[in-house]
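**Student:** I have a structure here, written as structure tokens, and I will follow up with some questions on it.
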Amino acid sequence: MPARAMSWPAALPPWRVEFVPMNQSRSGGASLSGSEQIIVSLAGMWKATVTVAVRGESSNLAARAFVAQMEGRAGTVLVPKWDKYRPRNINGRQFSQALAVGYDAAREDEFNFDLSGFGQEETPHATVSGSAPLGATQIALNLLDGEGPRPGHYFGIGQQIYRCQQVWQENVGDPTIVQFWPRLRAPAPSGTTAIIDRPVCLMRFATDDTGDIALSRAGSGMVTFDFVEAW
């Protein structure tokens with residue numbers, strides 16, 4: 001994993017963010033009889049498209065600076081998963097994403113040219129119970145505030161994002177078990193924060209010219225950047 005990653009620039013709030021799975025399955029092809037065996041791929045990963053509004057000098061310059069900082073596919077950025085349908089807190093209200101703007105100078109692995117960006121609060125809403133190894137597809141969570149994730153929700157561990165497939169408890173009061181996709185990118189020791197309010201994903205441009213092509217299409221309006229997961 002790259003040592004340093006940009007937080008998403010605060011001057012470019014996402015208007016729309018779409019995460020799409022890649023390489024979910026593998027097949028050796030159809031046999032002579034026409035049957036085909038398809039298995040889950042170990043190489044599954046995310047791609048994303050992020051649309052922002054670029055209007056006027058300030059947002060145009062911010063977008064150019066962002067593209068320059070990314071240096072093609074060499075740079076990485078924490079892409080926020082903004083979602084209309086989010087987990088709820090203990091009062092039954094959806095966790096806020098509007099308050100995700102902030103810069104934590106103590107975190108040297110995240111930076112921005114203007115010392116701002118979309119990050120996460122330090123107060124955890126859930127932590128890992130026990131531990132989960134590299135490549136795991138299930139994790140146990142202790143919920144500290146709220147109902148926790150439901151099937152279809154997204155959550156984060158560190159700089160990676162996951163989508164819930166199934167969620168259950170063995171017994172009332174037990175940790176919440178979450179089955180998810182893709183496979184866990186790194187071991188998650190007991191006590192690791194599980195980000196259920198504002199998950200982000202470490203990503204890079206899909207191609208070296210992604211950003212410049214997007215900006216060249218219009219001096220103002222909606223600009224879309226294409227990303228692939230980096231880990």
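Just remember, in the structure tokens the first chain shown is A, the second B, etc., residues are 1-based per chain, and ligands are 1-based in the order shown.
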For Val77 in chain A, find every residue with an atom within 10 Å (counting only C-alpha atoms), except residues of its own chain fewer than 6 positions away, and show them as a PyMOL selection string.
**Tutor:** chain A and resi 4-9+66+69-70+110-112+159+200-205+227+229-230
**Student:** Emit the selected residues as a short mmCIF file (atom, residue, chain, number, x, y, z; two decimals), in the first residue's frame, including N, CA and C atoms.
**Tutor:**
data_model
loop_
_atom_site.label_atom_id
_atom_site.label_comp_id
_atom_site.auth_asym_id
_atom_site.auth_seq_id
_atom_site.Cartn_x
_atom_site.Cartn_y
_atom_site.Cartn_z
N ARG A 4 1.64 7.29 1.33
CA ARG A 4 0.90 8.53 1.47
C ARG A 4 -0.25 8.56 0.48
N ALA A 5 -1.38 9.07 0.93
CA ALA A 5 -2.55 9.16 0.07
C ALA A 5 -3.24 10.49 0.31
N MET A 6 -3.70 11.12 -0.75
CA MET A 6 -4.47 12.35 -0.63
C MET A 6 -5.85 12.06 -0.06
N SER A 7 -6.32 12.92 0.82
CA SER A 7 -7.74 12.94 1.13
C SER A 7 -8.46 13.61 -0.04
N TRP A 8 -9.73 13.29 -0.22
CA TRP A 8 -10.46 13.90 -1.32
C TRP A 8 -10.56 15.41 -1.09
N PRO A 9 -10.20 16.26 -2.08
CA PRO A 9 -10.17 17.71 -1.87
C PRO A 9 -11.52 18.28 -1.45
N PHE A 66 -5.63 19.12 -8.30
CA PHE A 66 -5.86 17.73 -7.93
C PHE A 66 -5.27 16.79 -8.98
N GLN A 69 -1.48 16.84 -8.83
CA GLN A 69 -0.97 16.09 -7.69
C GLN A 69 -1.02 14.58 -7.91
N MET A 70 -2.03 14.11 -8.61
CA MET A 70 -2.18 12.67 -8.82
C MET A 70 -1.07 12.09 -9.70
N GLU A 110 -2.08 10.93 5.10
CA GLU A 110 -3.09 11.60 4.31
C GLU A 110 -2.72 13.08 4.20
N PHE A 111 -2.74 13.61 3.00
CA PHE A 111 -2.33 15.00 2.83
C PHE A 111 -3.11 15.64 1.69
N ASN A 112 -3.12 16.94 1.64
CA ASN A 112 -3.72 17.69 0.56
C ASN A 112 -2.95 18.99 0.38
N GLN A 159 -8.12 2.07 4.91
CA GLN A 159 -8.29 2.80 3.65
C GLN A 159 -8.98 1.96 2.58
N VAL A 200 -13.97 5.18 3.09
CA VAL A 200 -13.23 5.68 1.93
C VAL A 200 -12.47 4.51 1.31
N CYS A 201 -12.04 4.68 0.08
CA CYS A 201 -11.30 3.63 -0.62
C CYS A 201 -10.07 4.22 -1.27
N LEU A 202 -8.93 3.59 -1.03
CA LEU A 202 -7.68 4.02 -1.65
C LEU A 202 -7.71 3.68 -3.13
N MET A 203 -7.61 4.70 -3.99
CA MET A 203 -7.77 4.48 -5.43
C MET A 203 -6.77 5.33 -6.20
N ARG A 204 -6.60 4.95 -7.49
CA ARG A 204 -5.79 5.74 -8.41
C ARG A 204 -6.56 5.91 -9.71
N PHE A 205 -6.10 6.85 -10.56
CA PHE A 205 -6.76 7.05 -11.84
C PHE A 205 -6.73 5.76 -12.65
N PHE A 227 -11.65 5.85 -11.56
CA PHE A 227 -10.65 5.31 -10.63
C PHE A 227 -10.71 3.78 -10.60
N GLU A 229 -9.24 0.59 -7.76
CA GLU A 229 -8.73 0.39 -6.41
C GLU A 229 -7.22 0.20 -6.39
N ALA A 230 -6.57 0.74 -5.39
CA ALA A 230 -5.12 0.60 -5.21
C ALA A 230 -4.89 -0.03 -3.84
#
**Student:** Set the distance at 10 Å and use only C-alpha atoms: which residues neighbour Thr192 in chain A once local chain neighbours fewer than 2 positions away are removed? I'd like the list as a list in words.
**Tutor:**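 Once the nearby chain positions are removed, what remains is Pro124, Ala126, Thr127, Val128, Ser129, Gly130, Ser131, Ala132, Leu141, Ile157, Gly158, Pro187, Ala188, Pro189, Ser190, Ala194 and Ile195 of chain A.
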**Student:** Report, in Å to a single decimal, how far apart CA of Leu184 in chain A and CA of Gln169 in chain A are.
**Tutor:**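 For CA of Gln169 in chain A relative to CA of Leu184 in chain A, the distance reads 20.2 Å.
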**Student:** Rank nothing, just name the residue among A:Lys84, A:Arg64, A:Arg150, A:Lys47 nearest to Pro21 in chain A, using only C-alpha atoms.
**Tutor:** A:Lys47
**Student:** Taking only range 119-180 of chain A into account, list the residues labelled strand (DSSP E or B) by DSSP (computed from the backbone), as a PyMOL selection string.
**Tutor:** chain A and resi 126-128+132+138-143+154-157+160-168+176-180
**Student:** Mind dumping the selected residues with C-alpha atoms as a compact mmCIF listing (two decimals), in the first residue's frame?
**Tutor:**
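This went into out.txt:
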# COMPACT_ATOMS: atom_id res chain seq x y z
CA ALA A 126 -17.90 0.01 15.65
CA THR A 127 -14.75 -2.02 16.30
CA VAL A 128 -13.52 -5.45 15.26
CA ALA A 132 -9.81 -11.15 11.08
CA GLN A 138 -16.43 -12.47 7.40
CA ILE A 139 -15.78 -10.19 10.33
CA ALA A 140 -17.23 -9.78 13.82
CA LEU A 141 -18.07 -6.25 14.95
CA ASN A 142 -18.80 -4.69 18.33
CA LEU A 143 -21.34 -1.93 17.72
CA TYR A 154 -20.82 -0.27 2.80
CA PHE A 155 -18.24 -0.13 5.58
CA GLY A 156 -14.51 0.48 5.77
CA ILE A 157 -11.46 -0.96 7.46
CA GLN A 160 -10.37 0.06 2.01
CA ILE A 161 -14.10 -0.33 1.47
CA TYR A 162 -16.35 -3.40 1.62
CA ARG A 163 -19.99 -4.17 0.81
CA CYS A 164 -22.12 -6.23 3.19
CA GLN A 165 -23.63 -9.43 1.82
CA GLN A 166 -25.15 -10.87 5.00
CA VAL A 167 -25.38 -9.60 8.59
CA TRP A 168 -26.44 -11.60 11.66
CA THR A 176 -22.51 -8.71 14.84
CA ILE A 177 -21.18 -10.99 12.10
CA VAL A 178 -20.77 -9.40 8.67
CA GLN A 179 -20.12 -11.33 5.47
CA PHE A 180 -18.71 -9.00 2.84
**Student:** Find the distance between CA of Pro80 in chain A and CA of Val54 in chain A and write it in Å to one decimal.
**Tutor:**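 These two atoms are separated by 18.1 Å.
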